[in-house]
$ cat entry.csv   # CSV, C-alpha atoms
chain,number,residue,atom,x,y,z
A,194,MET,CA,117.4,-134.7,2.1
A,195,THR,CA,120.5,-136.9,1.2
A,196,PRO,CA,121.8,-139.6,3.6
A,197,THR,CA,124.9,-137.4,4.1
A,198,ASP,CA,122.8,-134.4,5.0
A,199,ARG,CA,120.7,-136.4,7.4
A,200,ARG,CA,123.8,-137.9,9.1
A,201,ALA,CA,125.3,-134.5,9.4
A,202,ALA,CA,122.1,-133.1,10.9
A,203,LEU,CA,121.8,-135.9,13.4
A,204,ARG,CA,125.5,-135.4,14.4
A,205,VAL,CA,124.7,-131.7,15.0
A,206,GLY,CA,121.6,-132.6,17.0
A,207,ALA,CA,123.6,-135.0,19.2
A,208,GLY,CA,126.3,-132.4,19.8
A,209,LEU,CA,123.7,-129.9,20.9
A,210,VAL,CA,122.2,-132.3,23.3
A,211,ALA,CA,125.6,-133.1,24.7
A,212,GLY,CA,126.4,-129.4,25.0
A,213,GLY,CA,123.3,-128.7,27.1
A,214,ALA,CA,120.7,-127.7,24.5
A,215,PHE,CA,118.0,-129.6,26.4
A,216,ALA,CA,119.1,-128.2,29.8
A,217,ALA,CA,118.2,-124.8,28.5
A,218,ALA,CA,115.0,-126.1,28.0
A,219,CYS,CA,104.2,-125.9,10.9
A,220,SER,CA,101.7,-124.0,8.6
A,221,THR,CA,103.5,-124.7,5.6
A,222,SER,CA,104.7,-121.7,3.6
A,223,GLY,CA,102.7,-120.1,0.8
A,224,SER,CA,104.0,-123.0,-1.4
A,225,SER,CA,102.2,-126.2,-0.8
A,226,ALA,CA,104.9,-128.3,-2.4
A,227,GLY,CA,106.9,-130.9,-0.6
A,228,PRO,CA,106.2,-133.9,1.6
A,229,SER,CA,105.3,-131.8,4.6
A,230,SER,CA,102.8,-129.5,2.9
A,231,GLY,CA,100.3,-131.5,4.9
A,232,ALA,CA,100.6,-131.8,8.7
A,233,SER,CA,104.0,-131.3,10.1
A,234,PRO,CA,105.6,-134.0,12.3
A,235,GLY,CA,103.8,-134.4,15.5
A,236,SER,CA,100.5,-133.0,14.2
A,237,SER,CA,97.3,-134.6,15.3
A,238,PRO,CA,94.0,-134.5,13.4
A,239,GLY,CA,92.3,-133.9,16.7
A,240,SER,CA,88.9,-132.3,17.0
A,241,SER,CA,87.6,-129.0,18.0
A,242,SER,CA,84.3,-127.7,19.2
A,243,PRO,CA,82.2,-125.3,17.1
A,244,GLY,CA,83.4,-121.7,17.3
A,245,SER,CA,81.7,-119.3,19.6
A,246,ALA,CA,79.7,-116.5,18.1
A,247,SER,CA,81.3,-114.1,20.6
A,248,THR,CA,84.0,-111.8,19.3
A,249,ALA,CA,86.2,-112.4,22.3
A,250,VAL,CA,88.3,-115.5,23.1
A,251,PRO,CA,86.2,-117.7,25.4
A,252,ARG,CA,87.9,-117.8,28.8
A,253,GLU,CA,86.2,-120.9,30.3
A,254,ALA,CA,83.9,-122.7,27.8
A,255,GLY,CA,86.7,-124.1,25.7
A,256,ARG,CA,89.3,-124.5,28.5
A,257,ALA,CA,91.1,-127.7,28.5
A,258,SER,CA,90.5,-130.0,31.5
A,259,GLY,CA,92.9,-130.3,34.4
A,260,PRO,CA,94.1,-128.0,37.2
A,261,PRO,CA,95.1,-124.5,36.4
A,262,PRO,CA,98.8,-123.9,35.9
A,263,ALA,CA,100.9,-122.3,38.6
A,264,ALA,CA,101.0,-118.5,38.4
A,265,SER,CA,103.7,-117.2,36.1
A,266,PRO,CA,106.6,-115.4,37.8
A,267,SER,CA,106.2,-112.5,35.3
A,268,ALA,CA,103.5,-111.1,33.1
A,269,VAL,CA,103.3,-112.7,29.7
A,270,PRO,CA,102.8,-110.1,26.9
A,271,ALA,CA,99.6,-110.2,25.0
A,272,ALA,CA,99.0,-109.2,21.3
A,273,ARG,CA,99.1,-105.5,20.7
A,274,ALA,CA,98.5,-103.2,17.8
A,275,PHE,CA,101.5,-101.5,16.0
A,276,PRO,CA,100.4,-98.2,14.6
A,277,GLY,CA,101.4,-97.7,11.0
A,278,GLN,CA,101.6,-101.5,10.4
A,279,PRO,CA,99.1,-103.2,8.1
A,280,ALA,CA,96.6,-105.8,9.3
A,281,GLN,CA,98.8,-108.5,7.7
A,282,ILE,CA,102.5,-108.0,8.4
A,283,THR,CA,105.1,-109.4,6.0
A,284,HIS,CA,108.2,-107.5,7.2
A,285,GLY,CA,109.4,-104.9,9.6
A,286,PRO,CA,111.2,-101.6,9.1
A,287,ARG,CA,113.9,-101.7,6.5
A,288,ASP,CA,116.1,-99.0,8.1
A,289,ARG,CA,117.2,-101.0,11.2
A,290,PRO,CA,119.6,-103.9,11.2
A,291,ARG,CA,117.1,-106.4,12.6
A,292,VAL,CA,115.4,-109.5,11.3
A,293,ALA,CA,112.8,-111.9,12.8
A,294,LEU,CA,113.2,-115.7,12.6
A,295,THR,CA,109.8,-117.2,13.1
A,296,PHE,CA,109.1,-120.9,13.7
A,297,HIS,CA,106.0,-122.9,13.1
A,298,GLY,CA,105.6,-124.7,16.4
A,299,GLN,CA,105.0,-128.3,15.8
A,300,GLY,CA,107.0,-131.6,15.7
A,301,GLU,CA,109.5,-133.4,17.9
A,302,PRO,CA,110.1,-131.5,21.1
A,303,ALA,CA,113.7,-132.6,21.2
A,304,LEU,CA,114.4,-130.7,17.9
A,305,ALA,CA,112.4,-127.7,19.2
A,306,GLU,CA,114.5,-127.6,22.4
A,307,ALA,CA,117.7,-127.9,20.4
A,308,LEU,CA,116.8,-125.1,18.0
A,309,LEU,CA,115.9,-122.8,20.9
A,310,GLY,CA,119.2,-123.6,22.6
A,311,GLU,CA,121.2,-123.0,19.5
A,312,ALA,CA,119.5,-119.6,18.9
A,313,GLU,CA,120.2,-118.6,22.5
A,314,ARG,CA,123.9,-119.5,22.3
A,315,HIS,CA,124.1,-117.1,19.4
A,316,GLY,CA,122.3,-114.4,21.3
A,317,ALA,CA,119.3,-114.6,19.1
A,318,ARG,CA,115.6,-114.4,20.0
A,319,VAL,CA,112.9,-115.9,17.8
A,320,THR,CA,109.1,-116.1,17.4
A,321,VAL,CA,107.3,-119.4,17.9
A,322,LEU,CA,103.8,-119.8,16.4
A,323,ALA,CA,102.5,-122.9,18.2
A,324,VAL,CA,99.8,-125.4,17.1
A,325,GLY,CA,97.2,-126.1,19.7
A,326,THR,CA,97.4,-129.9,19.5
A,327,TRP,CA,101.2,-129.6,19.9
A,328,LEU,CA,100.7,-127.6,23.1
A,329,ASP,CA,98.3,-130.3,24.3
A,330,GLU,CA,101.0,-132.9,23.8
A,331,HIS,CA,103.9,-130.9,25.1
A,332,PRO,CA,102.6,-128.1,27.4
A,333,GLY,CA,105.9,-127.4,29.0
A,334,LEU,CA,107.3,-126.0,25.7
A,335,ALA,CA,105.1,-122.9,26.0
A,336,ARG,CA,106.9,-121.9,29.2
A,337,ARG,CA,110.3,-123.0,27.7
A,338,VAL,CA,109.8,-120.6,24.8
A,339,LEU,CA,108.9,-117.7,27.0
A,340,ASP,CA,111.6,-118.4,29.6
A,341,GLY,CA,114.1,-118.1,26.7
A,342,GLY,CA,113.0,-114.6,26.0
A,343,HIS,CA,111.2,-115.5,22.8
A,344,ASP,CA,107.8,-114.5,21.4
A,345,LEU,CA,105.0,-117.1,21.5
A,346,GLY,CA,101.9,-117.0,19.4
A,347,ASN,CA,99.0,-118.8,17.8
A,348,HIS,CA,99.2,-121.1,14.7
A,349,THR,CA,95.6,-122.5,14.9
A,350,HIS,CA,94.5,-125.5,16.8
A,351,ARG,CA,94.9,-128.4,14.4
A,352,HIS,CA,97.1,-127.0,11.6
A,353,LEU,CA,94.6,-127.4,8.9
A,354,ASP,CA,93.8,-125.1,5.9
A,355,VAL,CA,92.2,-122.3,7.8
A,356,ASN,CA,91.4,-120.2,4.7
A,357,ALA,CA,89.3,-123.1,3.3
A,358,MET,CA,87.1,-123.4,6.4
A,359,SER,CA,83.6,-122.0,7.2
A,360,GLU,CA,83.5,-119.0,9.5
A,361,ALA,CA,82.5,-121.2,12.5
A,362,GLU,CA,85.3,-123.7,11.8
A,363,ALA,CA,87.9,-121.1,11.3
A,364,ARG,CA,86.8,-119.2,14.5
A,365,SER,CA,87.1,-122.4,16.5
A,366,GLU,CA,90.6,-123.1,15.1
A,367,ILE,CA,91.8,-119.7,16.2
A,368,THR,CA,90.1,-119.6,19.6
A,369,GLU,CA,90.9,-123.2,20.6
A,370,CYS,CA,94.6,-122.4,20.3
A,371,ALA,CA,94.2,-119.1,22.0
A,372,VAL,CA,92.5,-120.7,25.0
A,373,ARG,CA,95.3,-123.2,25.4
A,374,LEU,CA,97.9,-120.5,25.2
A,375,GLU,CA,96.1,-118.5,27.9
A,376,ARG,CA,95.7,-121.5,30.1
A,377,LEU,CA,99.4,-122.3,29.9
A,378,THR,CA,100.8,-118.8,30.0
A,379,GLY,CA,98.2,-116.3,31.1
A,380,SER,CA,98.0,-114.8,27.6
A,381,ALA,CA,96.6,-115.8,24.2
A,382,GLY,CA,100.0,-115.0,22.7
A,383,THR,CA,101.6,-112.1,21.0
A,384,TRP,CA,100.9,-113.1,17.3
A,385,PHE,CA,98.6,-115.1,15.1
A,386,ARG,CA,99.7,-116.9,11.9
A,387,PRO,CA,97.3,-118.8,9.7
A,388,SER,CA,98.0,-122.4,9.0
A,389,ARG,CA,98.7,-124.0,5.6
A,390,THR,CA,99.0,-120.6,3.9
A,391,ALA,CA,101.3,-117.7,3.8
A,392,ARG,CA,98.5,-115.1,3.8
A,393,ALA,CA,95.2,-115.0,5.7
A,394,SER,CA,91.9,-114.5,3.8
A,395,PRO,CA,89.9,-111.4,4.7
A,396,LEU,CA,87.6,-113.6,6.8
A,397,VAL,CA,90.5,-115.1,8.8
A,398,GLN,CA,92.0,-111.7,9.3
A,399,ARG,CA,88.7,-110.5,10.8
A,400,LEU,CA,88.3,-113.6,13.0
A,401,ALA,CA,91.9,-113.2,14.3
A,402,ARG,CA,91.1,-109.6,15.1
A,403,ASP,CA,87.9,-110.7,16.9
A,404,ALA,CA,90.0,-113.2,19.0
A,405,GLY,CA,92.4,-110.4,20.1
A,406,TYR,CA,95.1,-110.3,17.5
A,407,PRO,CA,95.3,-106.9,15.8
A,408,HIS,CA,97.7,-108.2,13.1
A,409,VAL,CA,98.2,-111.4,11.2
A,410,LEU,CA,101.9,-112.4,11.0
A,411,SER,CA,103.1,-113.4,7.5
A,412,TYR,CA,106.7,-113.4,6.2
A,413,ASP,CA,108.8,-112.2,3.2
A,414,VAL,CA,111.5,-115.0,3.3
A,415,ASP,CA,110.6,-118.6,3.0
A,416,SER,CA,113.2,-121.2,4.0
A,417,LEU,CA,111.3,-124.0,2.4
A,418,ASP,CA,112.7,-126.2,5.2
A,419,PHE,CA,109.5,-128.2,5.3
A,420,THR,CA,110.4,-129.8,2.0
A,421,SER,CA,113.6,-131.3,3.6
A,422,PRO,CA,115.9,-130.0,0.8
A,423,GLY,CA,119.1,-130.4,3.0
A,424,ALA,CA,120.7,-128.0,5.4
A,425,PRO,CA,122.8,-126.2,2.7
A,426,ALA,CA,119.6,-125.5,0.7
A,427,VAL,CA,117.8,-124.2,3.8
A,428,THR,CA,120.7,-121.9,4.6
A,429,ALA,CA,120.9,-120.6,1.0
A,430,ASN,CA,117.1,-120.1,0.8
A,431,VAL,CA,117.2,-117.8,3.9
A,432,LEU,CA,120.4,-115.9,3.1
A,433,ARG,CA,119.6,-115.3,-0.5
A,434,THR,CA,116.8,-112.8,0.1
A,435,ILE,CA,117.0,-111.8,3.8
A,436,ARG,CA,117.6,-108.2,4.5
A,437,ALA,CA,116.9,-105.6,7.2
A,438,GLY,CA,113.4,-106.0,8.5
A,439,SER,CA,112.8,-109.4,7.0
A,440,VAL,CA,110.5,-112.0,8.7
A,441,VAL,CA,111.7,-115.5,7.9
A,442,SER,CA,109.5,-118.6,7.9
A,443,LEU,CA,111.1,-121.7,9.5
A,444,HIS,CA,109.8,-124.9,11.2
A,445,PHE,CA,110.4,-126.9,14.3
A,446,GLY,CA,110.6,-130.7,13.7
A,447,TYR,CA,113.1,-130.7,10.8
A,448,ALA,CA,116.7,-131.9,11.2
A,449,ASP,CA,117.7,-129.7,8.2
A,450,THR,CA,116.5,-126.6,10.0
A,451,LEU,CA,118.6,-127.5,13.1
A,452,ALA,CA,121.7,-128.2,11.0
A,453,ALA,CA,121.3,-125.0,9.0
A,454,LEU,CA,120.7,-122.6,12.0
A,455,PRO,CA,124.3,-122.1,13.1
A,456,ALA,CA,125.4,-121.1,9.6
A,457,VAL,CA,122.4,-118.8,9.2
A,458,LEU,CA,123.1,-117.0,12.5
A,459,ASP,CA,126.8,-116.8,11.8
A,460,GLU,CA,126.2,-115.1,8.5
A,461,LEU,CA,123.6,-112.7,10.0
A,462,ALA,CA,126.2,-111.7,12.5
A,463,ARG,CA,128.7,-111.1,9.7
A,464,ARG,CA,126.2,-108.9,7.9
A,465,ARG,CA,125.5,-107.1,11.2
A,466,LEU,CA,121.8,-108.2,11.2
A,467,ARG,CA,120.5,-109.1,14.7
A,468,ALA,CA,117.9,-111.8,15.1
A,469,VAL,CA,115.2,-110.5,17.4
A,470,THR,CA,111.6,-111.3,18.3
A,471,THR,CA,108.9,-110.0,16.0
A,472,THR,CA,107.7,-107.7,18.8
A,473,GLU,CA,111.2,-106.1,19.0
A,474,LEU,CA,111.4,-106.0,15.2
A,475,LEU,CA,108.4,-103.8,15.1
A,476,SER,CA,108.8,-101.8,18.3
$ encode --input "entry.csv" --output "structure tokens"
Amino acid sequence: MTPTDRRAALRVGAGLVAGGAFAAACSTSGSSAGPSSGASPGSSPGSSSPGSASTAVPREAGRASGPPPAASPSAVPAARAFPGQPAQITHGPRDRPRVALTFHGQGEPALAEALLGEAERHGARVTVLAVGTWLDEHPGLARRVLDGGHDLGNHTHRHLDVNAMSEAEARSEITECAVRLERLTGSAGTWFRPSRTARASPLVQRLARDAGYPHVLSYDVDSLDFTSPGAPAVTANVLRTIRAGSVVSLHFGYADTLAALPAVLDELARRRLRAVTTTELLS
């Protein structure tokens, strides 16, 4: 990212804050290139307990300490099966003018709040796949996502290479994040996306299904924002290949993404493509 791009991104972020973005208050892509192909900003090495042998998400054993949250004013949707869709979804129907912008949920909460606010000002709804350790550090963001009308899902607990793990380790990564989502929202989330990979292995697909996620959510458009290429490059990466039904991979925690989002949303509107949650994309 050039100094000019970074200054521009920071000016955009400052303007969003002044405009009330905060008041409204990841896995890398399939390519592992770039400085952020490891943990995204805000990630924590953390630790997780061995996975349960049960095929259901543990409701109490792995529950984080502390008092239970206040009851949600409305039911939080859980994951559900979409008949006719594969176990690993990369895009939605191509015959409807809708796309899904999906964000790997990790990084500075201020940028996350600003991105959500910008999407909402454009009438867009997005999908956030949250990392468990990020939820531990910023639990209020789970409700912020849902209160904005967005989808919230599971992006593993520690944002490690889940495909490279043993069965017990991978199960724990999935269920630890699911438990946190359920504790914070009453649901284990609407989607699961594997960490550090664009596609889940057959083992990880099975473990996700065991944990209550009928589908793994992948994508067909990679913004490559985690490589910090500059806002114009992020915009071009998205708009070059996006089309009806596309699922786009983006990340919280990157100034380039925040700076690129208004231009992306404006161009989608010009093309008459509506940014919706993944649930709406497939419904």
$ closest_residue --input "entry.csv" --among "A:His343, A:His408, A:His331, A:Arg364" --to "A:Ala280" --atoms "all atoms listed in the file"
A:His408
$ residues_around --input "entry.csv" --residues "A:Leu400" --least-positions-apart "6" --cutoff "9 Å" --atoms "all atoms listed in the file" --output "list in words"
Thr248, Glu360, Ala363, Arg364, Ile367 and Tyr406 of chain A
$ closest_atom_pairs --input "entry.csv" --of "stretch 267-292 of chain A" --to "stretch 410-433 of chain A" --cutoff "7 Å" --atoms "all atoms listed in the file" --output "Markdown table"
| residue | atom | partner | partner_atom | distance |
| --- | --- | --- | --- | --- |
| A:Gln281 | CA | A:Leu410 | CA | 6.0 |
| A:Ile282 | CA | A:Leu410 | CA | 5.1 |
| A:Thr283 | CA | A:Tyr412 | CA | 4.3 |
| A:His284 | CA | A:Tyr412 | CA | 6.2 |
$ residues_around --input "entry.csv" --residues "A:Arg373" --least-positions-apart "2" --cutoff "10 Å" --atoms "all atoms listed in the file" --output "list in words"
Arg252, Gly255, Arg256, Ala257, Val324, Gly325, Thr326, Leu328, Asp329, Pro332, Ala335, Asn347, His350, Thr368, Glu369, Cys370, Ala371, Glu375, Arg376, Leu377, Thr378, Gly379, Ser380, Ala381 and Gly382 of chain A
$ residues_around --input "entry.csv" --residues "A:Arg436" --least-positions-apart "4" --cutoff "12 Å" --atoms "only C-alpha atoms" --output "list of chain:residue names"
A:His284, A:Gly285, A:Pro286, A:Arg287, A:Asp288, A:Arg289, A:Pro290, A:Arg291, A:Val292, A:Ala293, A:Leu294, A:Asp413, A:Val414, A:Val431, A:Leu432, A:Val440, A:Val441, A:Glu460, A:Leu461, A:Arg464, A:Arg465, A:Leu466, A:Arg467, A:Ala468
$ write_last_selection --input "entry.csv" --atoms "C-alpha atoms" --output "PDB file, in the frame of the given file"
ATOM      1  CA  HIS A 284     108.200-107.500   7.200  1.00  0.00           C
ATOM      2  CA  GLY A 285     109.400-104.900   9.600  1.00  0.00           C
ATOM      3  CA  PRO A 286     111.200-101.600   9.100  1.00  0.00           C
ATOM      4  CA  ARG A 287     113.900-101.700   6.500  1.00  0.00           C
ATOM      5  CA  ASP A 288     116.100 -99.000   8.100  1.00  0.00           C
ATOM      6  CA  ARG A 289     117.200-101.000  11.200  1.00  0.00           C
ATOM      7  CA  PRO A 290     119.600-103.900  11.200  1.00  0.00           C
ATOM      8  CA  ARG A 291     117.100-106.400  12.600  1.00  0.00           C
ATOM      9  CA  VAL A 292     115.400-109.500  11.300  1.00  0.00           C
ATOM     10  CA  ALA A 293     112.800-111.900  12.800  1.00  0.00           C
ATOM     11  CA  LEU A 294     113.200-115.700  12.600  1.00  0.00           C
ATOM     12  CA  ASP A 413     108.800-112.200   3.200  1.00  0.00           C
ATOM     13  CA  VAL A 414     111.500-115.000   3.300  1.00  0.00           C
ATOM     14  CA  VAL A 431     117.200-117.800   3.900  1.00  0.00           C
ATOM     15  CA  LEU A 432     120.400-115.900   3.100  1.00  0.00           C
ATOM     16  CA  VAL A 440     110.500-112.000   8.700  1.00  0.00           C
ATOM     17  CA  VAL A 441     111.700-115.500   7.900  1.00  0.00           C
ATOM     18  CA  GLU A 460     126.200-115.100   8.500  1.00  0.00           C
ATOM     19  CA  LEU A 461     123.600-112.700  10.000  1.00  0.00           C
ATOM     20  CA  ARG A 464     126.200-108.900   7.900  1.00  0.00           C
ATOM     21  CA  ARG A 465     125.500-107.100  11.200  1.00  0.00           C
ATOM     22  CA  LEU A 466     121.800-108.200  11.200  1.00  0.00           C
ATOM     23  CA  ARG A 467     120.500-109.100  14.700  1.00  0.00           C
ATOM     24  CA  ALA A 468     117.900-111.800  15.100  1.00  0.00           C
TER      25      ALA A 468
END
$ closest_residue --input "entry.csv" --among "A:Ala401, A:Leu475, A:Ala448, A:Leu458" --to "A:Gly300" --atoms "only C-alpha atoms"
A:Ala448
$ atom_distance --input "entry.csv" --atom1 "atom CA of A:Arg336" --atom2 "atom CA of A:Ile435"
29.1 Å
$ atom_distance --input "entry.csv" --atom1 "atom CA of A:Val372" --atom2 "atom CA of A:Val409"
17.6 Å
$ residues_around --input "entry.csv" --residues "A:Ala323" --least-positions-apart "5" --cutoff "8 Å" --atoms "only C-alpha atoms" --output "NGL selection string"
:A and (297-299 or 328 or 345-349)
$ write_last_selection --input "entry.csv" --atoms "C-alpha atoms" --output "PDB file, in the frame of the given file"
ATOM      1  CA  HIS A 297     106.000-122.900  13.100  1.00  0.00           C
ATOM      2  CA  GLY A 298     105.600-124.700  16.400  1.00  0.00           C
ATOM      3  CA  GLN A 299     105.000-128.300  15.800  1.00  0.00           C
ATOM      4  CA  LEU A 328     100.700-127.600  23.100  1.00  0.00           C
ATOM      5  CA  LEU A 345     105.000-117.100  21.500  1.00  0.00           C
ATOM      6  CA  GLY A 346     101.900-117.000  19.400  1.00  0.00           C
ATOM      7  CA  ASN A 347      99.000-118.800  17.800  1.00  0.00           C
ATOM      8  CA  HIS A 348      99.200-121.100  14.700  1.00  0.00           C
ATOM      9  CA  THR A 349      95.600-122.500  14.900  1.00  0.00           C
TER      10      THR A 349
END
$ closest_residue --input "entry.csv" --among "A:Val397, A:Glu330, A:Thr472, A:Gln278" --to "A:Glu362" --atoms "all atoms listed in the file"
A:Val397
$ atom_distance --input "entry.csv" --atom1 "atom CA of A:Ala272" --atom2 "atom CA of A:Leu308"
24.1 Å
$ closest_residue --input "entry.csv" --among "A:Ala391, A:Ala271, A:Ala312, A:Leu304" --to "A:Leu454" --atoms "all atoms listed in the file"
A:Ala312
$ build_atoms --input "entry.csv" --residues "stretch 335-344 of chain A" --atoms "all heavy atoms" --output "PDB file, in the coordinates of the input"
ATOM      1  N   ALA A 335     105.568-124.328  26.033  1.00  0.00           N
ATOM      2  CA  ALA A 335     105.100-122.900  26.000  1.00  0.00           C
ATOM      3  C   ALA A 335     105.930-122.099  26.986  1.00  0.00           C
ATOM      4  O   ALA A 335     106.427-121.019  26.635  1.00  0.00           O
ATOM      5  CB  ALA A 335     103.616-122.886  26.416  1.00  0.00           C
ATOM      6  N   ARG A 336     106.120-122.594  28.197  1.00  0.00           N
ATOM      7  CA  ARG A 336     106.900-121.900  29.200  1.00  0.00           C
ATOM      8  C   ARG A 336     108.392-121.858  28.775  1.00  0.00           C
ATOM      9  O   ARG A 336     109.100-120.862  28.993  1.00  0.00           O
ATOM     10  CB  ARG A 336     106.723-122.486  30.562  1.00  0.00           C
ATOM     11  CG  ARG A 336     107.559-121.874  31.668  1.00  0.00           C
ATOM     12  CD  ARG A 336     107.447-120.370  31.744  1.00  0.00           C
ATOM     13  NE  ARG A 336     106.084-119.888  31.912  1.00  0.00           N
ATOM     14  CZ  ARG A 336     105.738-118.611  31.876  1.00  0.00           C
ATOM     15  NH1 ARG A 336     106.655-117.691  31.642  1.00  0.00           N
ATOM     16  NH2 ARG A 336     104.484-118.261  32.044  1.00  0.00           N
ATOM     17  N   ARG A 337     108.868-122.944  28.165  1.00  0.00           N
ATOM     18  CA  ARG A 337     110.300-123.000  27.700  1.00  0.00           C
ATOM     19  C   ARG A 337     110.541-121.856  26.707  1.00  0.00           C
ATOM     20  O   ARG A 337     111.581-121.195  26.772  1.00  0.00           O
ATOM     21  CB  ARG A 337     110.551-124.351  27.069  1.00  0.00           C
ATOM     22  CG  ARG A 337     111.882-124.428  26.295  1.00  0.00           C
ATOM     23  CD  ARG A 337     113.070-124.272  27.220  1.00  0.00           C
ATOM     24  NE  ARG A 337     114.330-124.253  26.456  1.00  0.00           N
ATOM     25  CZ  ARG A 337     114.918-123.157  26.014  1.00  0.00           C
ATOM     26  NH1 ARG A 337     114.360-121.964  26.216  1.00  0.00           N
ATOM     27  NH2 ARG A 337     116.068-123.223  25.371  1.00  0.00           N
ATOM     28  N   VAL A 338     109.623-121.646  25.773  1.00  0.00           N
ATOM     29  CA  VAL A 338     109.800-120.600  24.800  1.00  0.00           C
ATOM     30  C   VAL A 338     109.875-119.227  25.486  1.00  0.00           C
ATOM     31  O   VAL A 338     110.776-118.421  25.232  1.00  0.00           O
ATOM     32  CB  VAL A 338     108.637-120.597  23.773  1.00  0.00           C
ATOM     33  CG1 VAL A 338     108.644-119.340  22.903  1.00  0.00           C
ATOM     34  CG2 VAL A 338     108.714-121.849  22.888  1.00  0.00           C
ATOM     35  N   LEU A 339     108.936-118.965  26.367  1.00  0.00           N
ATOM     36  CA  LEU A 339     108.900-117.700  27.000  1.00  0.00           C
ATOM     37  C   LEU A 339     110.070-117.455  27.964  1.00  0.00           C
ATOM     38  O   LEU A 339     110.626-116.351  28.044  1.00  0.00           O
ATOM     39  CB  LEU A 339     107.574-117.534  27.805  1.00  0.00           C
ATOM     40  CG  LEU A 339     106.319-117.490  26.928  1.00  0.00           C
ATOM     41  CD1 LEU A 339     105.071-117.582  27.793  1.00  0.00           C
ATOM     42  CD2 LEU A 339     106.287-116.233  26.075  1.00  0.00           C
ATOM     43  N   ASP A 340     110.481-118.501  28.679  1.00  0.00           N
ATOM     44  CA  ASP A 340     111.600-118.400  29.600  1.00  0.00           C
ATOM     45  C   ASP A 340     112.911-118.065  28.837  1.00  0.00           C
ATOM     46  O   ASP A 340     113.848-117.506  29.413  1.00  0.00           O
ATOM     47  CB  ASP A 340     111.788-119.647  30.411  1.00  0.00           C
ATOM     48  CG  ASP A 340     110.731-119.776  31.503  1.00  0.00           C
ATOM     49  OD1 ASP A 340     110.000-118.789  31.743  1.00  0.00           O
ATOM     50  OD2 ASP A 340     110.613-120.869  32.089  1.00  0.00           O
ATOM     51  N   GLY A 341     112.972-118.419  27.551  1.00  0.00           N
ATOM     52  CA  GLY A 341     114.100-118.100  26.700  1.00  0.00           C
ATOM     53  C   GLY A 341     114.129-116.709  26.174  1.00  0.00           C
ATOM     54  O   GLY A 341     115.053-116.323  25.452  1.00  0.00           O
ATOM     55  N   GLY A 342     113.075-115.936  26.469  1.00  0.00           N
ATOM     56  CA  GLY A 342     113.000-114.600  26.000  1.00  0.00           C
ATOM     57  C   GLY A 342     112.420-114.446  24.581  1.00  0.00           C
ATOM     58  O   GLY A 342     112.563-113.404  23.934  1.00  0.00           O
ATOM     59  N   HIS A 343     111.730-115.490  24.113  1.00  0.00           N
ATOM     60  CA  HIS A 343     111.200-115.500  22.800  1.00  0.00           C
ATOM     61  C   HIS A 343     109.713-115.108  22.762  1.00  0.00           C
ATOM     62  O   HIS A 343     109.041-115.140  23.782  1.00  0.00           O
ATOM     63  CB  HIS A 343     111.347-116.906  22.171  1.00  0.00           C
ATOM     64  CG  HIS A 343     112.723-117.470  22.318  1.00  0.00           C
ATOM     65  ND1 HIS A 343     113.798-117.001  21.591  1.00  0.00           N
ATOM     66  CD2 HIS A 343     113.210-118.458  23.129  1.00  0.00           C
ATOM     67  CE1 HIS A 343     114.884-117.682  21.940  1.00  0.00           C
ATOM     68  NE2 HIS A 343     114.554-118.558  22.870  1.00  0.00           N
ATOM     69  N   ASP A 344     109.207-114.740  21.594  1.00  0.00           N
ATOM     70  CA  ASP A 344     107.800-114.500  21.400  1.00  0.00           C
ATOM     71  C   ASP A 344     107.058-115.843  21.227  1.00  0.00           C
ATOM     72  O   ASP A 344     107.611-116.781  20.635  1.00  0.00           O
ATOM     73  CB  ASP A 344     107.514-113.669  20.143  1.00  0.00           C
ATOM     74  CG  ASP A 344     107.577-112.172  20.381  1.00  0.00           C
ATOM     75  OD1 ASP A 344     107.778-111.744  21.541  1.00  0.00           O
ATOM     76  OD2 ASP A 344     107.433-111.412  19.396  1.00  0.00           O
TER      77      ASP A 344
END
